[in-house]
Structures are given as structure tokens and as C-alpha cells.
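**Student:** Please read through the structure below; I'll follow up with questions.
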Amino acid sequence: MKVLLGVTGSIAAYKSVAIARLLTKSGHEVKTILTRGGKNFISSLSISNLTVNDVFTEDDFWLPNQKVPLHIELARWPDIVVVAPATMHFLGKLAHGLADDLLTSTIAAIDKPVLLAPAMHTEMWDSRVLQDNVTRLKIFGYEFIGPYEGELSSGDRGIGRMAEPEDIIERVIQLGNTERILRGKKVVITYGGTEEEIDDVRVITNKSSGKMGISLSRRAKELGAHVIAVVGRVEVQPLYYDEIYYAKSVDTLSMTLEEIVPNADVLIMAAAVSDFKPVGRMEGKVKRGENLIVEFEPTEDILKKLSKNKKPDQIFVGFALESKNLLENAIKKMKEKGVDMIVANYATAMGNDFISGYILTREGEKIPIETLTKSELSIILFDKIAEKIGQR
């Protein structure tokens, strides 16, 4: 595997030497970009001797008579980029599209996974500006590892310590070996709960957090997909998307999907859609007093409606949350909704970090989910999606 290592100006840069050495000893090819700040902590010689490969600095960026600009040449070379350490300054530039040096210019031109390993003092990591930038970068699909709690260069203990070289390498290998089999594919992922208004201040909703959708979006981005998120009421910050739509009510969700799904390759309906809505919305705020009786009516089955116009090369995935008779009810829903796959899961998964149940396919497969994290489920589910894409 070809790894491009970026080293920015932090005392944690000494760990970069270990990363370069361990990757090279494991048989990977490593090239390094050493920023001006990084040169204050380690030398080009120390890295080049360990990797037996090129180390580039800012001076190389401005050399005349380059047939191919250096940042373009470097962007075309690796399977993955890892920036370790990644300083607050560097993350800020990357988050706002500033490409004013060799490292940021190279990353701006790259279409491969980029792993960032931040290192800084706790107060810097906790700052609102930095956290906003981290959120922006995650939305754009950048991967993070750490920082972790530990001893810092100041002698304090707190969050900000860079991940250890062995952990970074493990994540580099995992990301770098991921085949980007969904490159060029549009994947629509719905998640979160819907809300139906009872009066001006009250709604009927559910306990969905949106965590499943975040995990699915992250995996889709790792595989190179163009991710379109359609988000309802969530308890988490939406991340890992290229486009985003907000749709809290069933009607808004339905109209949004009718517009975007015809041009999608994959639809994953992970949103927890309300099964009922009030018959007629009450005006104003209903005052406390006598017992309030609200009549409800069923909402439309969005996935069933979309499946009527499903193209042969499209893949639709549904979710079936049940409290009993899981398999029986999920199989029935899969047939009624006309989907390729359905994730049958228990009600305990809602708002939780873990999920259990089955992945069912139209061909009759029953893949057990035995208390997996939602990230682990996403990997398995996209393996099945990729398999189906390969068959079409």
C-alpha cells in the first residue's frame, strides 16, 4: 500500500518517525510531506533514512520547471493520506478549503481516504472554533483518530494526546485496503425520526437518535459513494454527506424522496417514520384542562410508494423495527414494500449504540446480527449492497 504521510508542527511529530518506520517495516511504501512547522520538530533526514523514500518540504513545492505540479503528482500517488500530527492551524485551513502550502494543496487535489490524527492541548481541542472545524471535516468525509486523554507536553493531563503509532497504522491499513467500490454511485440515506404536529407546540414522534444513519453514511463515504442524507429529528450532528435535506414530517420526507430517489443508485430507508399522524392539526396551544382526546390516522407507506417506480438497477434497503415476531413481520414487510433487503431489528436498537436482529434479502438469505455496533452492521450491510451492485 502507498501511504502519504503529512507531518505538521507539533511536539507529537516524534511519533511520526515511528509511524514511518513501522509502515515501511510492514512492507508499505511511504512518502512524506514535512510542513514548515513540522521541520521545527523532526528532520527530513530522519524520515528519509527510515522510509528509504522521498520527503518533500515547502522548498520543493516552489521549484521551477516541473512538468507536473508537485502537489498534483503527489495527489495521484497514494492509496491513503495520513496527517499525524494534525495541528489546530492545519485543521482550520483544511476545513475552509485553504490550499496555501504543499500539504494542503495535495490534499485538496486528492480523491482517496484522508486520516487525521490531531494533537494539541486540551483547551485548544475543546475550543468552539476547533470543534466546528472538526465537524465540517467529518461532514466532508475526513476520518479522525483521537485525540485521547493522557499526559500532554505541558505536563498536564487531558484530551489532546495524539493516538499511538500502532493504533494509527491499524486504522491506515483498514482504510487503505477498502476498495472504493461505490465510487460514482449516489446513495440516499434517510435517518432520524419524523414529527407530526398535534398543535402549535406539541408533536408525536419516536425515540430514534439518527446514530444508524451516521454509521451508514460514514461507511458509504469510505467506499467512495456520493452520499445524500435526508434527515429528520436527530440527537446527533449529521456527518459524512455530500448533500443534505431536512425533512421532519412524513409528507415532507415523501416529497423530498420523490424528487431525489429517481436519480439514486441506492436508497437506504433507515429513518423511523411515524406510522400515525393526528387527524387535523389543532390551532394554537391546547391549554391544560380536561382530558385531551386526539384521533390519529395512518401515514402513507413511503418506501412502498417509492418501490412502485423502482428501476431494475436500483437497490432499495428498508428497516423493520419490531418488538415481537421479528422474522415473520420483517419478511412480510419486505414483500409488501418491494425492497431488495430489509434490516430486521428489535425495538431496543432505537437510540442505542448496538443493534441485533437479521439482514434479510429478497433471495431468502437470513444473516444474523448478534449484538453488533451500528458501525459493524454498516460494514456487513454495504458488503451485501456491493455484492448486489456487482450482479447487475
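Chain lettering (A, B, ...) mirrors the order of the C-alpha cells, residue numbering begins at 1 for each chain separately, and ligand numbering begins at 1 in order of display.
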Can you list, as a VMD selection string, every protein, DNA or RNA residue that comes within 7 Å of Ala109 (chain A) when you count only C-alpha atoms, leaving out same-chain residues fewer than 3 positions away?
**Tutor:** chain A and resid 72 75 105 to 106
**Student:** Considering only C-alpha atoms, can you say which of A:Val83, A:Ile260, A:Ile169, A:Val55 comes closest to Leu34 (chain A)?
**Tutor:** A:Val55
**Student:** For Ile181 (chain A), list every protein, DNA or RNA residue within 10 Å, evaluated using only C-alpha atoms, and leave out those in the same chain fewer than 6 positions away; present the list as a list in words.
**Tutor:**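 Selected residues are Ala220, Glu222, Leu223, Gly224, Ala225, Phe382, Asp383, Ala386, Glu387, Ile389 and Gly390 of chain A.
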**Student:** Using the selection just defined, write its residues with C-alpha atoms as a PDB file, in the first residue's frame.
**Tutor:**
ATOM      1  CA  ALA A 220     -20.763   4.803   2.238  1.00  0.00           C
ATOM      2  CA  GLU A 222     -15.364   5.145   2.873  1.00  0.00           C
ATOM      3  CA  LEU A 223     -16.486   3.166  -0.179  1.00  0.00           C
ATOM      4  CA  GLY A 224     -16.403   6.271  -2.364  1.00  0.00           C
ATOM      5  CA  ALA A 225     -20.139   6.961  -2.685  1.00  0.00           C
ATOM      6  CA  PHE A 382     -22.712  -2.452   2.445  1.00  0.00           C
ATOM      7  CA  ASP A 383     -20.900  -5.694   1.635  1.00  0.00           C
ATOM      8  CA  ALA A 386     -21.850  -4.094  -3.178  1.00  0.00           C
ATOM      9  CA  GLU A 387     -22.492  -7.734  -3.964  1.00  0.00           C
ATOM     10  CA  ILE A 389     -24.393  -3.975  -7.455  1.00  0.00           C
ATOM     11  CA  GLY A 390     -21.838  -6.405  -8.897  1.00  0.00           C
TER      12      GLY A 390
END
**Student:** My list of candidates is A:Glu149, A:Ala270, A:Lys285, A:Gly280. Which is closest to Leu303 (chain A) when distances are computed with only C-alpha atoms?
**Tutor:**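 When distances to Leu303 (chain A) are compared using only C-alpha atoms, the smallest one comes from A:Ala270.
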**Student:** Quick one: of A:Lys67, A:Lys185, A:Arg128, A:Arg136, who's nearest to Gly97 (chain A), counting only C-alpha atoms?
**Tutor:**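 Between A:Lys67, A:Lys185, A:Arg128, A:Arg136, the residue approaching Gly97 (chain A) most closely is A:Arg136.
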